[in-house]
$ cat protein_38.csv   # CSV, C-alpha atoms
chain,number,residue,atom,x,y,z
A,25,MET,CA,174.6,-250.0,11.1
A,26,MET,CA,175.3,-251.7,7.8
A,27,PRO,CA,174.2,-255.2,6.9
A,28,GLN,CA,176.7,-258.1,6.3
A,29,THR,CA,177.6,-258.6,2.7
A,30,LYS,CA,175.7,-261.8,2.6
A,31,ASP,CA,172.5,-260.2,3.9
A,32,ILE,CA,169.8,-259.2,1.5
A,33,ILE,CA,167.6,-256.1,2.1
A,34,LYS,CA,164.0,-257.1,1.6
A,35,SER,CA,162.0,-254.0,0.8
A,36,LEU,CA,158.7,-253.5,2.6
A,37,PRO,CA,155.8,-254.7,0.4
A,38,ILE,CA,153.9,-251.4,0.8
A,39,VAL,CA,155.5,-248.1,1.3
A,40,LEU,CA,153.5,-245.1,2.3
A,41,ARG,CA,153.9,-241.9,0.4
A,42,GLU,CA,155.6,-239.2,2.4
A,43,GLN,CA,153.7,-236.0,2.8
A,44,PRO,CA,155.2,-232.6,1.7
A,45,ASP,CA,157.9,-231.5,4.2
A,46,GLU,CA,157.2,-234.5,6.4
A,47,LEU,CA,159.6,-235.3,9.2
A,48,LEU,CA,161.5,-238.6,8.9
A,49,SER,CA,160.4,-240.0,12.2
A,50,SER,CA,156.8,-239.1,11.4
A,51,TRP,CA,157.0,-241.0,8.1
A,52,LEU,CA,158.6,-244.1,9.8
A,53,ALA,CA,156.0,-243.9,12.7
A,54,ARG,CA,153.2,-244.1,10.1
A,55,HIS,CA,154.7,-247.2,8.7
A,56,ALA,CA,154.9,-248.7,12.2
A,57,ARG,CA,151.3,-248.0,12.8
A,58,TYR,CA,150.3,-249.3,9.3
A,59,TYR,CA,152.1,-252.7,9.9
A,60,GLY,CA,151.0,-252.9,13.5
A,61,VAL,CA,154.4,-253.0,15.1
A,62,GLY,CA,156.2,-250.8,17.7
A,63,ARG,CA,158.6,-248.2,16.6
A,64,LEU,CA,161.7,-249.9,17.9
A,65,ARG,CA,160.5,-253.1,16.3
A,66,LEU,CA,160.5,-251.3,12.9
A,67,LEU,CA,164.1,-250.1,13.6
A,68,HIS,CA,165.1,-253.6,14.4
A,69,HIS,CA,163.6,-254.9,11.2
A,70,CYS,CA,165.5,-252.4,9.3
A,71,ARG,CA,168.7,-253.4,11.2
A,72,LEU,CA,169.3,-249.9,12.5
A,73,SER,CA,171.0,-249.1,15.8
A,74,SER,CA,169.2,-246.0,17.1
A,75,PRO,CA,167.6,-245.3,20.5
A,76,SER,CA,164.4,-243.9,18.8
A,77,LEU,CA,162.9,-242.7,15.5
A,78,GLU,CA,163.4,-239.1,16.7
A,79,ALA,CA,167.1,-239.6,17.1
A,80,LEU,CA,167.3,-240.2,13.3
A,81,ASP,CA,165.8,-236.8,12.7
A,82,GLN,CA,168.8,-235.1,14.3
A,83,GLU,CA,171.6,-237.4,13.2
A,84,ILE,CA,171.5,-240.1,10.6
A,85,SER,CA,174.6,-241.5,9.0
A,86,PHE,CA,175.0,-242.2,5.3
A,87,GLY,CA,175.0,-245.9,6.0
A,88,GLN,CA,171.6,-245.5,7.8
A,89,GLN,CA,170.3,-243.5,4.9
A,90,ILE,CA,171.3,-246.4,2.5
A,91,MET,CA,169.6,-249.0,4.8
A,92,LEU,CA,166.3,-247.1,5.0
A,93,ALA,CA,166.4,-246.3,1.3
A,94,GLY,CA,166.7,-250.0,0.5
A,95,TYR,CA,163.8,-251.0,2.8
A,96,PHE,CA,161.5,-248.1,1.7
A,97,HIS,CA,162.2,-247.8,-2.0
A,98,ARG,CA,163.8,-244.4,-1.8
A,99,GLU,CA,167.1,-242.8,-2.6
A,100,PRO,CA,169.4,-242.0,0.4
A,101,SER,CA,169.2,-238.3,-0.5
A,102,GLU,CA,165.4,-238.5,-0.1
A,103,ILE,CA,165.8,-240.1,3.3
A,104,ALA,CA,168.3,-237.4,4.4
A,105,ALA,CA,166.0,-234.6,3.1
A,106,MET,CA,163.3,-235.7,5.6
A,107,SER,CA,165.7,-235.2,8.5
A,108,HIS,CA,167.5,-232.2,10.0
A,109,VAL,CA,170.9,-233.7,9.1
A,110,ALA,CA,171.8,-230.7,6.9
A,111,VAL,CA,171.1,-228.2,9.6
A,112,LYS,CA,174.3,-226.7,11.1
A,113,PRO,CA,174.9,-227.5,14.8
A,114,GLU,CA,174.5,-223.9,15.8
A,115,PHE,CA,170.8,-224.1,14.9
A,116,HIS,CA,170.1,-227.3,16.8
A,117,ASN,CA,168.7,-225.5,19.9
A,118,LEU,CA,166.0,-224.1,17.6
A,119,ILE,CA,164.7,-227.6,16.7
A,120,ARG,CA,162.3,-229.7,18.8
A,121,ARG,CA,163.3,-233.3,19.2
A,122,SER,CA,159.8,-234.5,19.8
A,123,HIS,CA,156.2,-233.3,20.2
A,124,PRO,CA,155.9,-230.2,18.0
A,125,VAL,CA,154.8,-227.0,19.8
A,126,GLN,CA,153.2,-225.6,16.6
A,127,TRP,CA,151.4,-227.1,13.6
A,128,CYS,CA,149.7,-226.1,10.4
A,129,GLN,CA,145.9,-226.7,10.7
A,130,TYR,CA,145.4,-226.6,6.9
A,131,CYS,CA,148.1,-229.1,6.0
A,132,SER,CA,147.0,-231.4,8.8
A,133,LYS,CA,143.4,-231.5,7.5
A,134,VAL,CA,144.7,-232.1,3.9
A,135,ALA,CA,146.8,-235.0,5.2
A,136,GLU,CA,143.9,-236.5,7.2
A,137,ARG,CA,141.9,-236.7,3.9
A,138,SER,CA,144.7,-238.8,2.4
A,139,GLU,CA,146.9,-241.6,3.6
A,140,GLY,CA,149.0,-239.1,5.5
A,141,GLY,CA,146.9,-238.8,8.7
A,142,GLY,CA,149.1,-238.0,11.7
A,143,ALA,CA,152.0,-236.7,9.6
A,144,ILE,CA,154.2,-234.1,11.2
A,145,GLY,CA,155.9,-231.4,9.1
A,146,LYS,CA,159.6,-230.5,9.5
A,147,SER,CA,158.7,-226.8,9.8
A,148,TRP,CA,156.5,-227.7,12.8
A,149,MET,CA,159.6,-228.6,14.7
A,150,GLN,CA,161.8,-225.7,13.7
A,151,GLY,CA,161.8,-222.7,16.1
A,152,TRP,CA,162.5,-220.1,13.4
A,153,ARG,CA,159.3,-221.0,11.4
A,154,ILE,CA,156.1,-219.0,11.9
A,155,THR,CA,154.6,-220.0,8.6
A,156,CYS,CA,154.1,-223.4,7.0
A,157,ARG,CA,156.8,-224.2,4.5
A,158,ILE,CA,154.2,-225.9,2.2
A,159,CYS,CA,151.1,-223.7,2.2
A,160,GLY,CA,152.4,-220.5,3.7
A,161,ASN,CA,149.7,-220.3,6.4
A,162,ARG,CA,150.5,-219.1,9.9
A,163,LEU,CA,151.5,-221.9,12.2
A,164,VAL,CA,149.5,-222.1,15.4
A,165,ASP,CA,150.5,-223.5,18.8
A,166,THR,CA,149.6,-227.1,19.6
A,167,SER,CA,148.8,-225.9,23.2
A,168,ALA,CA,146.0,-223.4,23.8
A,169,THR,CA,148.0,-221.9,26.7
A,170,PHE,CA,149.4,-219.0,24.7
A,171,GLU,CA,147.3,-219.0,21.5
A,172,SER,CA,144.8,-216.6,23.0
A,173,LYS,CA,143.6,-213.7,20.8
A,174,THR,CA,144.9,-211.2,23.3
A,175,HIS,CA,148.5,-212.5,23.0
A,176,TRP,CA,148.3,-212.8,19.2
A,177,ASP,CA,146.9,-209.4,18.7
A,178,SER,CA,149.6,-207.9,20.9
A,179,PHE,CA,152.4,-209.3,18.8
A,180,ALA,CA,150.7,-209.1,15.4
A,181,ARG,CA,152.3,-205.7,14.7
A,182,TYR,CA,155.7,-207.5,14.2
A,183,TRP,CA,154.3,-210.0,11.7
A,184,GLU,CA,155.9,-208.7,8.5
A,185,MET,CA,159.3,-208.2,10.0
A,186,GLY,CA,158.9,-211.6,11.7
A,187,CYS,CA,158.4,-213.2,8.2
A,188,GLU,CA,161.6,-211.4,7.1
A,189,GLY,CA,163.5,-212.9,10.0
A,190,GLU,CA,162.1,-216.4,9.1
A,191,ALA,CA,163.3,-215.9,5.5
A,192,ILE,CA,166.8,-214.9,6.8
A,193,PHE,CA,167.1,-218.2,8.7
A,194,GLU,CA,165.9,-220.2,5.7
A,195,SER,CA,168.4,-218.4,3.5
A,196,CYS,CA,171.3,-219.1,5.9
A,197,LEU,CA,170.4,-222.7,6.0
A,198,SER,CA,170.2,-223.1,2.3
A,199,ASN,CA,173.4,-221.0,1.7
A,200,PRO,CA,175.7,-221.8,4.6
A,201,ALA,CA,178.7,-220.1,2.9
A,202,GLN,CA,177.0,-216.7,2.8
A,203,SER,CA,178.9,-213.8,4.4
A,204,GLY,CA,177.8,-211.7,7.4
A,205,PRO,CA,176.7,-212.7,10.9
A,206,SER,CA,174.6,-215.7,11.6
A,207,PRO,CA,170.9,-215.0,12.5
A,208,MET,CA,171.4,-217.4,15.4
A,209,THR,CA,174.2,-215.1,16.7
A,210,ALA,CA,171.8,-212.2,16.3
A,211,LEU,CA,169.1,-214.0,18.3
A,212,ARG,CA,171.5,-214.9,21.1
A,213,LEU,CA,172.7,-211.3,21.4
A,214,LEU,CA,169.1,-210.0,21.5
A,215,LEU,CA,168.3,-212.3,24.4
A,216,MET,CA,171.1,-211.0,26.6
A,217,PRO,CA,170.2,-208.8,29.6
A,218,ARG,CA,169.9,-205.0,28.9
A,219,ARG,CA,171.3,-202.4,31.3
A,220,PRO,CA,168.4,-200.5,32.8
A,221,PHE,CA,168.0,-196.8,32.3
A,222,PRO,CA,168.0,-194.6,35.5
A,223,GLN,CA,164.3,-193.9,35.3
A,224,GLU,CA,163.6,-197.6,35.1
A,225,LEU,CA,165.4,-198.2,38.4
A,226,TRP,CA,163.2,-195.6,40.1
A,227,ASP,CA,160.1,-197.1,38.6
A,228,GLY,CA,160.8,-200.6,39.9
A,229,TYR,CA,163.1,-202.1,37.3
A,230,ARG,CA,162.0,-205.4,35.6
A,231,PRO,CA,164.5,-207.7,33.9
A,232,SER,CA,164.9,-206.6,30.3
A,233,ARG,CA,166.6,-208.0,27.2
A,234,LEU,CA,168.5,-206.3,24.4
A,235,LEU,CA,165.6,-207.1,22.1
A,236,ASN,CA,163.8,-204.1,23.7
A,237,VAL,CA,166.5,-201.9,22.2
A,238,VAL,CA,165.4,-202.7,18.6
A,239,LEU,CA,161.7,-203.2,19.5
A,240,PRO,CA,161.0,-200.4,22.1
A,241,GLY,CA,158.2,-201.3,24.5
A,242,PHE,CA,158.6,-205.1,24.0
A,243,ASP,CA,159.6,-205.7,27.6
A,244,ASP,CA,156.6,-203.8,28.9
A,245,LEU,CA,154.3,-205.8,26.6
A,246,VAL,CA,155.8,-209.1,27.8
A,247,HIS,CA,155.4,-208.0,31.5
A,248,ARG,CA,151.8,-206.9,30.9
A,249,LEU,CA,150.9,-210.2,29.4
A,250,GLY,CA,152.6,-212.2,32.1
A,251,LEU,CA,155.0,-213.9,29.7
A,252,LYS,CA,158.3,-213.3,31.4
A,253,ALA,CA,158.7,-217.0,32.3
A,254,ALA,CA,157.8,-218.2,28.8
A,255,GLN,CA,160.2,-215.8,27.2
A,256,PHE,CA,163.6,-217.2,28.2
A,257,HIS,CA,163.3,-220.9,29.1
A,258,ASN,CA,164.5,-222.0,25.7
A,259,PHE,CA,164.8,-221.0,22.1
A,260,VAL,CA,161.7,-222.7,20.8
A,261,HIS,CA,159.0,-220.3,21.9
A,262,PHE,CA,155.3,-220.3,21.2
A,263,VAL,CA,154.4,-218.7,17.8
A,264,GLY,CA,153.1,-215.4,19.1
A,265,LEU,CA,156.4,-214.6,21.0
A,266,ARG,CA,158.5,-216.1,18.2
A,267,VAL,CA,157.2,-213.3,15.8
A,268,PRO,CA,158.9,-210.4,17.6
A,269,LEU,CA,162.1,-212.4,18.2
A,270,LEU,CA,162.4,-213.0,14.5
A,271,ALA,CA,161.5,-209.4,13.8
A,272,GLY,CA,164.4,-208.4,16.0
A,273,VAL,CA,166.7,-210.7,14.1
A,274,ALA,CA,165.5,-209.0,10.8
A,275,ILE,CA,166.4,-205.6,12.2
A,276,VAL,CA,169.8,-206.7,13.3
A,277,MET,CA,170.6,-208.3,9.9
A,278,ARG,CA,169.6,-205.2,7.9
A,279,ASP,CA,172.5,-203.2,9.4
A,280,PRO,CA,174.4,-205.6,11.6
A,281,VAL,CA,177.5,-203.4,12.3
A,282,ASN,CA,175.5,-200.4,13.5
A,283,VAL,CA,172.7,-202.3,15.3
A,284,ILE,CA,175.2,-204.6,17.1
A,285,SER,CA,177.1,-201.5,18.2
A,286,GLN,CA,173.9,-200.0,19.5
A,287,LEU,CA,173.2,-203.3,21.4
A,288,ARG,CA,176.7,-203.2,22.9
A,289,ASP,CA,176.1,-199.7,24.3
A,290,ASN,CA,173.1,-201.0,26.3
A,291,LEU,CA,175.1,-203.7,28.1
A,292,SER,CA,176.2,-203.7,31.7
A,293,PHE,CA,179.9,-203.8,32.1
A,294,GLN,CA,180.0,-207.4,33.4
A,295,ASP,CA,178.2,-208.7,30.2
A,296,ARG,CA,180.5,-207.1,27.7
A,297,ASP,CA,183.0,-210.0,27.5
A,298,ARG,CA,180.2,-212.5,27.1
A,299,PHE,CA,178.6,-210.3,24.4
A,300,ALA,CA,181.9,-210.3,22.5
A,301,SER,CA,182.2,-214.0,22.8
A,302,ILE,CA,178.8,-214.6,21.3
A,303,GLU,CA,179.4,-212.0,18.6
A,304,SER,CA,182.6,-213.9,17.6
A,305,GLY,CA,180.7,-217.2,17.6
A,306,ALA,CA,183.0,-218.6,20.3
A,307,THR,CA,180.2,-219.7,22.7
A,308,ASN,CA,176.9,-221.4,22.5
A,309,SER,CA,175.6,-219.9,25.8
A,310,THR,CA,172.0,-218.7,25.9
A,311,GLY,CA,170.5,-215.7,27.6
A,312,ARG,CA,170.5,-215.7,31.4
$ encode --input "protein_38.csv" --output "structure tokens"
Amino acid sequence: MMPQTKDIIKSLPIVLREQPDELLSSWLARHARYYGVGRLRLLHHCRLSSPSLEALDQEISFGQQIMLAGYFHREPSEIAAMSHVAVKPEFHNLIRRSHPVQWCQYCSKVAERSEGGGAIGKSWMQGWRITCRICGNRLVDTSATFESKTHWDSFARYWEMGCEGEAIFESCLSNPAQSGPSPMTALRLLLMPRRPFPQELWDGYRPSRLLNVVLPGFDDLVHRLGLKAAQFHNFVHFVGLRVPLLAGVAIVMRDPVNVISQLRDNLSFQDRDRFASIESGATNSTGR
């Protein structure tokens, strides 16, 4: 919402410095706490029509960027850079809208020693990140449910390839015009059901995904750790499981033509049309 011509934007007397890679809603929430007002009251003061601070993270118009820039002594481009507005829609399912499921312990402690206590990093909300964008340390889960040493040690073998997959996502986001398949397409394909081998049917077949084709033994590992339910609820997984998913993406992107052909050969007949649809980018469906 833009102000009337006769309105004058009165900048806030004290503006808190944003932390490196800080999320826009986090920065605005810290101002609300500093001034002792509610979040919606802060939005009302800035004459912005938005249901929440978090909504601005996902979609913020240029007019809203100008309004916030005026109130907070920033350039509109600086406001936009704290949001996810530059992220292509196909990646939105990999972004948390609130309550990060991972965080950087080191950067959080650094922020606590400055005026940035409680700051939330953008990379903490992004489901393709396994390292902190600022310090490079491994992100850890905010919940202790899956951050056990057993789970982490089981997936640690995929760490280097997982970092490669993370870098591929970052490169795609910074260079949207680059050629080749999207890493998001690769991830969707890897999460499709895999046709079981005959010996698996005799051995009590367990649901499997195409990811097991490029990372043999992955399905058995997930079953042994009791993580089947956690694997396919959504795209933003806990960090330990995110590592092999990104590793699978890295393998696909190294040789997409041959690897995707190999994945196609492991499909059941009824899934081939859906596979082709995802491969062509014509659908946003997730794994079953």
$ atom_distance --input "protein_38.csv" --atom1 "CA of Arg54 (chain A)" --atom2 "CA of Leu77 (chain A)"
11.2 Å
$ residues_around --input "protein_38.csv" --residues "region 107-122 of chain A" --least-positions-apart "4" --cutoff "9 Å" --atoms "all atoms listed in the file" --output "MDAnalysis selection string"
chainID A and resid 46:49 78:85 103 146 148:152 197:198 200 208:209 258:260 308
$ atom_distance --input "protein_38.csv" --atom1 "CA of Glu190 (chain A)" --atom2 "CA of Ile154 (chain A)"
7.1 Å
$ closest_residue --input "protein_38.csv" --among "A:Leu66, A:Lys133, A:His97, A:Gly264" --to "Pro37 (chain A)" --atoms "all atoms listed in the file"
A:His97
$ atom_distance --input "protein_38.csv" --atom1 "CA of Asn161 (chain A)" --atom2 "CA of Ser132 (chain A)"
11.7 Å
$ axis_aligned_box --input "protein_38.csv" --around "region 124-142 of chain A" --padding-each-side "6 Å" --output "AutoDock Vina command-line options"
--center_x 148.9 --center_y -233.6 --center_z 11.1 --size_x 26.0 --size_y 28.0 --size_z 29.4
$ build_atoms --input "protein_38.csv" --residues "region 82-108 of chain A" --atoms "N, CA and C atoms" --output "JSON list (two decimals), keeping the file's coordinate frame"
[["chain", "number", "residue", "atom", "x", "y", "z"],
["A", 82, "GLN", "N", 167.69, -236.04, 13.97],
["A", 82, "GLN", "CA", 168.80, -235.10, 14.30],
["A", 82, "GLN", "C", 170.12, -235.57, 13.71],
["A", 83, "GLU", "N", 170.33, -236.87, 13.68],
["A", 83, "GLU", "CA", 171.60, -237.40, 13.20],
["A", 83, "GLU", "C", 171.42, -238.74, 12.59],
["A", 84, "ILE", "N", 171.61, -238.80, 11.30],
["A", 84, "ILE", "CA", 171.50, -240.10, 10.60],
["A", 84, "ILE", "C", 172.67, -240.21, 9.65],
["A", 85, "SER", "N", 173.40, -241.30, 9.81],
["A", 85, "SER", "CA", 174.60, -241.50, 9.00],
["A", 85, "SER", "C", 174.25, -241.87, 7.58],
["A", 86, "PHE", "N", 175.24, -241.79, 6.71],
["A", 86, "PHE", "CA", 175.00, -242.20, 5.30],
["A", 86, "PHE", "C", 174.67, -243.63, 5.21],
["A", 87, "GLY", "N", 175.30, -244.46, 6.05],
["A", 87, "GLY", "CA", 175.00, -245.90, 6.00],
["A", 87, "GLY", "C", 173.53, -246.13, 6.43],
["A", 88, "GLN", "N", 173.03, -245.40, 7.42],
["A", 88, "GLN", "CA", 171.60, -245.50, 7.80],
["A", 88, "GLN", "C", 170.69, -245.05, 6.74],
["A", 89, "GLN", "N", 171.09, -244.01, 6.03],
["A", 89, "GLN", "CA", 170.30, -243.50, 4.90],
["A", 89, "GLN", "C", 170.18, -244.61, 3.83],
["A", 90, "ILE", "N", 171.28, -245.28, 3.55],
["A", 90, "ILE", "CA", 171.30, -246.40, 2.50],
["A", 90, "ILE", "C", 170.37, -247.50, 2.98],
["A", 91, "MET", "N", 170.45, -247.87, 4.27],
["A", 91, "MET", "CA", 169.60, -249.00, 4.80],
["A", 91, "MET", "C", 168.14, -248.64, 4.63],
["A", 92, "LEU", "N", 167.74, -247.45, 5.07],
["A", 92, "LEU", "CA", 166.30, -247.10, 5.00],
["A", 92, "LEU", "C", 165.89, -246.95, 3.53],
["A", 93, "ALA", "N", 166.77, -246.43, 2.69],
["A", 93, "ALA", "CA", 166.40, -246.30, 1.30],
["A", 93, "ALA", "C", 166.14, -247.66, 0.66],
["A", 94, "GLY", "N", 166.91, -248.67, 1.06],
["A", 94, "GLY", "CA", 166.70, -250.00, 0.50],
["A", 94, "GLY", "C", 165.36, -250.61, 0.98],
["A", 95, "TYR", "N", 165.01, -250.40, 2.24],
["A", 95, "TYR", "CA", 163.80, -251.00, 2.80],
["A", 95, "TYR", "C", 162.53, -250.22, 2.29],
["A", 96, "PHE", "N", 162.67, -248.94, 2.01],
["A", 96, "PHE", "CA", 161.50, -248.10, 1.70],
["A", 96, "PHE", "C", 161.46, -247.58, 0.29],
["A", 97, "HIS", "N", 162.22, -248.19, -0.61],
["A", 97, "HIS", "CA", 162.20, -247.80, -2.00],
["A", 97, "HIS", "C", 162.43, -246.33, -2.26],
["A", 98, "ARG", "N", 163.44, -245.80, -1.62],
["A", 98, "ARG", "CA", 163.80, -244.40, -1.80],
["A", 98, "ARG", "C", 165.28, -244.26, -2.02],
["A", 99, "GLU", "N", 165.68, -243.08, -2.46],
["A", 99, "GLU", "CA", 167.10, -242.80, -2.60],
["A", 99, "GLU", "C", 167.62, -242.28, -1.24],
["A", 100, "PRO", "N", 168.89, -242.52, -0.91],
["A", 100, "PRO", "CA", 169.40, -242.00, 0.40],
["A", 100, "PRO", "C", 169.25, -240.52, 0.53],
["A", 101, "SER", "N", 169.37, -239.77, -0.56],
["A", 101, "SER", "CA", 169.20, -238.30, -0.50],
["A", 101, "SER", "C", 167.76, -237.95, -0.06],
["A", 102, "GLU", "N", 166.78, -238.75, -0.47],
["A", 102, "GLU", "CA", 165.40, -238.50, -0.10],
["A", 102, "GLU", "C", 165.18, -238.76, 1.39],
["A", 103, "ILE", "N", 165.85, -239.78, 1.91],
["A", 103, "ILE", "CA", 165.80, -240.10, 3.30],
["A", 103, "ILE", "C", 166.41, -238.92, 4.13],
["A", 104, "ALA", "N", 167.58, -238.46, 3.69],
["A", 104, "ALA", "CA", 168.30, -237.40, 4.40],
["A", 104, "ALA", "C", 167.45, -236.09, 4.37],
["A", 105, "ALA", "N", 166.75, -235.84, 3.26],
["A", 105, "ALA", "CA", 166.00, -234.60, 3.10],
["A", 105, "ALA", "C", 164.83, -234.53, 4.12],
["A", 106, "MET", "N", 164.37, -235.67, 4.63],
["A", 106, "MET", "CA", 163.30, -235.70, 5.60],
["A", 106, "MET", "C", 163.80, -235.42, 7.03],
["A", 107, "SER", "N", 165.11, -235.44, 7.20],
["A", 107, "SER", "CA", 165.70, -235.20, 8.50],
["A", 107, "SER", "C", 166.27, -233.82, 8.63],
["A", 108, "HIS", "N", 166.88, -233.53, 9.79],
["A", 108, "HIS", "CA", 167.50, -232.20, 10.00],
["A", 108, "HIS", "C", 169.05, -232.36, 9.87]]
